[in-house]
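Trainee: Here you go, one structure.
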Amino acid sequence: MKIAIGCDHGGFQLKQEIIKHLENKNLEVKDFGTYSEESCDYPDIALAVGENVVNKECDLGILICGTGIGISIAANKVPGVRAALCSDTFSAHATRQHNNANILALGQRVVGPGLALDIVDTFLDAHFEGDRHLKRINKISEIENKYNK
Ligand code: RB5
């Protein structure tokens, strides 16, 4: 499994922890930055990771900012991205199963590193259930199509 990852300055420390964790599990990680705690704009990173995931260069994405909010809002503007901001493992599991979320968003200032790694593992291990949920995912795409003409 190939994972695209990115953050702004508010998520830099957690991104580094997550990369180490994923590489220890022998997962391939593509790092879209940012590469220091110097201030930067989270929409730039959200766009890069979002496009990479939608273009199927990586299987799933992980985005981190201070709260996880700005970077998930920005990523969800890329058609085909379903970014889910999770601060607990139940949501991380459910959003893969029900929403077929393709990007996990985390807030470094919200969750500690231990919980964040559990959320990451839960997200990566869960699978979309399809069936009745597919119809709803398709309706999300219809909303995108309506406004992307
Ligand atoms: C950066 O200070 C902060 O605004 C950003 O990381 C994020 O929390 C935005 O939603």
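In the structure tokens, each chain is lettered A, B, ... as it comes, each chain's residues begin at 1, and ligands are numbered from 1 in order of appearance.
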Any chance you could list, as a ChimeraX atom specification, the residues in stretch 2-122 of chain A that come up helix (DSSP H, G or I) when DSSP is run on the backbone?

Mentor: /A:9-24,42-54,69-75,89-99,113-122

Trainee: Compile the contact shell of stretch 99-102 of chain A as a list of chain:residue names: residues with an atom at most 8 Å away, counting only C-alpha atoms, same-chain residues fewer than 6 positions apart removed.

Mentor: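 Final neighbour list, sorted by chain and number: A:Val53, A:Asp59, A:Leu60, A:Gly61, A:Val81, A:Arg82, A:Ala83, A:Ala84, A:His127, A:Phe128, A:His133, A:Ile137.
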
Trainee: Mind dumping the selected residues with C-alpha atoms as a compact mmCIF listing (two decimals), in the first residue's frame?

Mentor:
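Printed below is selection.txt as written:
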```txt
# COMPACT_ATOMS: atom_id res chain seq x y z
CA VAL A 53 -4.76 10.32 -4.34
CA ASP A 59 -3.84 4.38 -2.47
CA LEU A 60 -4.71 6.63 0.47
CA GLY A 61 -3.65 9.98 1.89
CA VAL A 81 -11.43 13.48 -2.46
CA ARG A 82 -13.33 12.27 0.58
CA ALA A 83 -11.20 13.55 3.44
CA ALA A 84 -12.31 12.64 6.96
CA HIS A 127 -12.28 -1.50 4.18
CA PHE A 128 -15.22 0.03 2.33
CA HIS A 133 -23.05 3.02 1.06
CA ILE A 137 -20.97 7.95 -2.32
```

Trainee: Neighbours of stretch 6-9 of chain A within 9 Å (only C-alpha atoms; same-chain residues fewer than 3 positions away dropped), as a ChimeraX atom specification?

Mentor: /A:12-15,30-46,48-49,61-66,71

Trainee: I'd like the neighbourhood of A:Val120 as a ChimeraX atom specification, where a residue qualifies if any of its atoms comes within 9 Å (using only C-alpha atoms), though same-chain residues fewer than 4 positions away should be ignored.

Mentor: /A:18,62,89,92,104,115-116,124-125

Trainee: Determine the nearest neighbour of ligand 1 from the options A:His21, A:His93, A:His98, A:Arg109, counting only C-alpha atoms and all ligand atoms.

Mentor: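 Smallest separation from ligand 1 among the options: A:Arg109.
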
Trainee: Please report the interatomic distance between atom CA of A:Ile140 and atom CA of A:Ala105 in Å with one decimal.

Mentor: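 About the pair atom CA of A:Ile140 and atom CA of A:Ala105: they are 18.7 Å apart.
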
Trainee: If you run DSSP on the backbone, which residues of stretch 50-119 of chain A are strand (DSSP E or B), as a ChimeraX atom specification?

Mentor: /A:60-65,83-85,103-107

Trainee: Write out the residues from the selection above, keeping all heavy atoms, as a PDB file, in the first residue's frame.

Mentor:
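Dumped to selection-v1.pdb:
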```pdb
ATOM      1  N   LEU A  60      -4.011   5.823  -0.528  1.00  0.00           N
ATOM      2  CA  LEU A  60      -4.714   6.634   0.471  1.00  0.00           C
ATOM      3  C   LEU A  60      -3.814   7.809   0.858  1.00  0.00           C
ATOM      4  O   LEU A  60      -2.597   7.767   0.634  1.00  0.00           O
ATOM      5  CB  LEU A  60      -5.039   5.799   1.722  1.00  0.00           C
ATOM      6  CG  LEU A  60      -6.082   4.684   1.554  1.00  0.00           C
ATOM      7  CD1 LEU A  60      -6.099   3.787   2.789  1.00  0.00           C
ATOM      8  CD2 LEU A  60      -7.481   5.244   1.292  1.00  0.00           C
ATOM      9  N   GLY A  61      -4.420   8.826   1.463  1.00  0.00           N
ATOM     10  CA  GLY A  61      -3.652   9.979   1.889  1.00  0.00           C
ATOM     11  C   GLY A  61      -3.849  10.279   3.370  1.00  0.00           C
ATOM     12  O   GLY A  61      -4.854   9.897   3.969  1.00  0.00           O
ATOM     13  N   ILE A  62      -2.872  10.995   3.935  1.00  0.00           N
ATOM     14  CA  ILE A  62      -2.963  11.474   5.318  1.00  0.00           C
ATOM     15  C   ILE A  62      -2.544  12.947   5.308  1.00  0.00           C
ATOM     16  O   ILE A  62      -1.507  13.298   4.729  1.00  0.00           O
ATOM     17  CB  ILE A  62      -2.039  10.671   6.261  1.00  0.00           C
ATOM     18  CG1 ILE A  62      -2.447   9.189   6.272  1.00  0.00           C
ATOM     19  CG2 ILE A  62      -2.086  11.243   7.684  1.00  0.00           C
ATOM     20  CD1 ILE A  62      -1.500   8.283   7.052  1.00  0.00           C
ATOM     21  N   LEU A  63      -3.376  13.802   5.907  1.00  0.00           N
ATOM     22  CA  LEU A  63      -3.090  15.238   5.973  1.00  0.00           C
ATOM     23  C   LEU A  63      -3.169  15.702   7.425  1.00  0.00           C
ATOM     24  O   LEU A  63      -4.100  15.299   8.152  1.00  0.00           O
ATOM     25  CB  LEU A  63      -4.107  16.008   5.131  1.00  0.00           C
ATOM     26  CG  LEU A  63      -3.920  15.925   3.615  1.00  0.00           C
ATOM     27  CD1 LEU A  63      -5.134  16.515   2.896  1.00  0.00           C
ATOM     28  CD2 LEU A  63      -2.650  16.653   3.176  1.00  0.00           C
ATOM     29  N   ILE A  64      -2.244  16.536   7.813  1.00  0.00           N
ATOM     30  CA  ILE A  64      -2.203  17.013   9.200  1.00  0.00           C
ATOM     31  C   ILE A  64      -1.990  18.524   9.221  1.00  0.00           C
ATOM     32  O   ILE A  64      -1.115  19.040   8.525  1.00  0.00           O
ATOM     33  CB  ILE A  64      -1.026  16.356   9.976  1.00  0.00           C
ATOM     34  CG1 ILE A  64      -1.033  14.834   9.789  1.00  0.00           C
ATOM     35  CG2 ILE A  64      -1.102  16.684  11.469  1.00  0.00           C
ATOM     36  CD1 ILE A  64       0.258  14.297   9.262  1.00  0.00           C
ATOM     37  N   CYS A  65      -2.793  19.204  10.008  1.00  0.00           N
ATOM     38  CA  CYS A  65      -2.497  20.612  10.332  1.00  0.00           C
ATOM     39  C   CYS A  65      -2.724  20.764  11.834  1.00  0.00           C
ATOM     40  O   CYS A  65      -2.817  19.755  12.554  1.00  0.00           O
ATOM     41  CB  CYS A  65      -3.302  21.592   9.477  1.00  0.00           C
ATOM     42  SG  CYS A  65      -5.078  21.657   9.741  1.00  0.00           S
ATOM     43  N   ALA A  83     -12.111  13.428   2.307  1.00  0.00           N
ATOM     44  CA  ALA A  83     -11.197  13.550   3.444  1.00  0.00           C
ATOM     45  C   ALA A  83     -11.998  13.574   4.737  1.00  0.00           C
ATOM     46  O   ALA A  83     -12.962  14.337   4.863  1.00  0.00           O
ATOM     47  CB  ALA A  83     -10.367  14.824   3.311  1.00  0.00           C
ATOM     48  N   ALA A  84     -11.599  12.739   5.681  1.00  0.00           N
ATOM     49  CA  ALA A  84     -12.308  12.642   6.958  1.00  0.00           C
ATOM     50  C   ALA A  84     -11.390  13.060   8.094  1.00  0.00           C
ATOM     51  O   ALA A  84     -10.308  12.487   8.273  1.00  0.00           O
ATOM     52  CB  ALA A  84     -12.796  11.217   7.178  1.00  0.00           C
ATOM     53  N   LEU A  85     -11.836  14.039   8.836  1.00  0.00           N
ATOM     54  CA  LEU A  85     -11.092  14.489  10.025  1.00  0.00           C
ATOM     55  C   LEU A  85     -11.492  13.593  11.190  1.00  0.00           C
ATOM     56  O   LEU A  85     -12.672  13.528  11.559  1.00  0.00           O
ATOM     57  CB  LEU A  85     -11.447  15.947  10.326  1.00  0.00           C
ATOM     58  CG  LEU A  85     -10.932  16.520  11.657  1.00  0.00           C
ATOM     59  CD1 LEU A  85      -9.416  16.420  11.750  1.00  0.00           C
ATOM     60  CD2 LEU A  85     -11.384  17.967  11.805  1.00  0.00           C
ATOM     61  N   ILE A 103      -8.812  10.038   2.267  1.00  0.00           N
ATOM     62  CA  ILE A 103      -7.795  10.803   2.999  1.00  0.00           C
ATOM     63  C   ILE A 103      -8.213  10.914   4.465  1.00  0.00           C
ATOM     64  O   ILE A 103      -9.373  11.216   4.772  1.00  0.00           O
ATOM     65  CB  ILE A 103      -7.611  12.214   2.399  1.00  0.00           C
ATOM     66  CG1 ILE A 103      -7.016  12.097   0.980  1.00  0.00           C
ATOM     67  CG2 ILE A 103      -6.722  13.078   3.290  1.00  0.00           C
ATOM     68  CD1 ILE A 103      -6.688  13.434   0.317  1.00  0.00           C
ATOM     69  N   LEU A 104      -7.261  10.646   5.337  1.00  0.00           N
ATOM     70  CA  LEU A 104      -7.450  10.837   6.780  1.00  0.00           C
ATOM     71  C   LEU A 104      -6.833  12.178   7.156  1.00  0.00           C
ATOM     72  O   LEU A 104      -5.674  12.450   6.808  1.00  0.00           O
ATOM     73  CB  LEU A 104      -6.740   9.716   7.545  1.00  0.00           C
ATOM     74  CG  LEU A 104      -6.605   9.904   9.058  1.00  0.00           C
ATOM     75  CD1 LEU A 104      -7.972   9.849   9.742  1.00  0.00           C
ATOM     76  CD2 LEU A 104      -5.668   8.840   9.649  1.00  0.00           C
ATOM     77  N   ALA A 105      -7.599  13.018   7.838  1.00  0.00           N
ATOM     78  CA  ALA A 105      -7.053  14.285   8.341  1.00  0.00           C
ATOM     79  C   ALA A 105      -6.940  14.206   9.859  1.00  0.00           C
ATOM     80  O   ALA A 105      -7.812  13.643  10.538  1.00  0.00           O
ATOM     81  CB  ALA A 105      -7.942  15.454   7.931  1.00  0.00           C
ATOM     82  N   LEU A 106      -5.843  14.760  10.374  1.00  0.00           N
ATOM     83  CA  LEU A 106      -5.575  14.745  11.812  1.00  0.00           C
ATOM     84  C   LEU A 106      -5.168  16.138  12.277  1.00  0.00           C
ATOM     85  O   LEU A 106      -4.557  16.896  11.511  1.00  0.00           O
ATOM     86  CB  LEU A 106      -4.424  13.783  12.121  1.00  0.00           C
ATOM     87  CG  LEU A 106      -4.681  12.296  11.887  1.00  0.00           C
ATOM     88  CD1 LEU A 106      -3.360  11.539  11.829  1.00  0.00           C
ATOM     89  CD2 LEU A 106      -5.579  11.734  12.994  1.00  0.00           C
ATOM     90  N   GLY A 107      -5.452  16.447  13.527  1.00  0.00           N
ATOM     91  CA  GLY A 107      -5.026  17.710  14.129  1.00  0.00           C
ATOM     92  C   GLY A 107      -3.935  17.446  15.150  1.00  0.00           C
ATOM     93  O   GLY A 107      -4.200  16.827  16.186  1.00  0.00           O
TER      94      GLY A 107
END
```

Trainee: Name the closest residue to A:Gln97 among the candidates A:Leu22, A:Ala4, A:Val29, A:Leu134; distances are taken between atoms, counting only C-alpha atoms.

Mentor: A:Leu134

Trainee: Restricting the calculation to only C-alpha atoms, which member of A:Ala94, A:Gly112, A:Val78, A:Asp118 is positioned closest to A:Tyr147?

Mentor: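 Looking at the shortest contact to A:Tyr147, the residue is A:Val78.
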
Trainee: Hey, which of A:Ile73, A:Val111, A:Asp88, A:Lys20 ends up closest to ligand 1? Count only C-alpha atoms and all ligand atoms.

Mentor: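 Among the listed residues, A:Ile73 lies closest to ligand 1.
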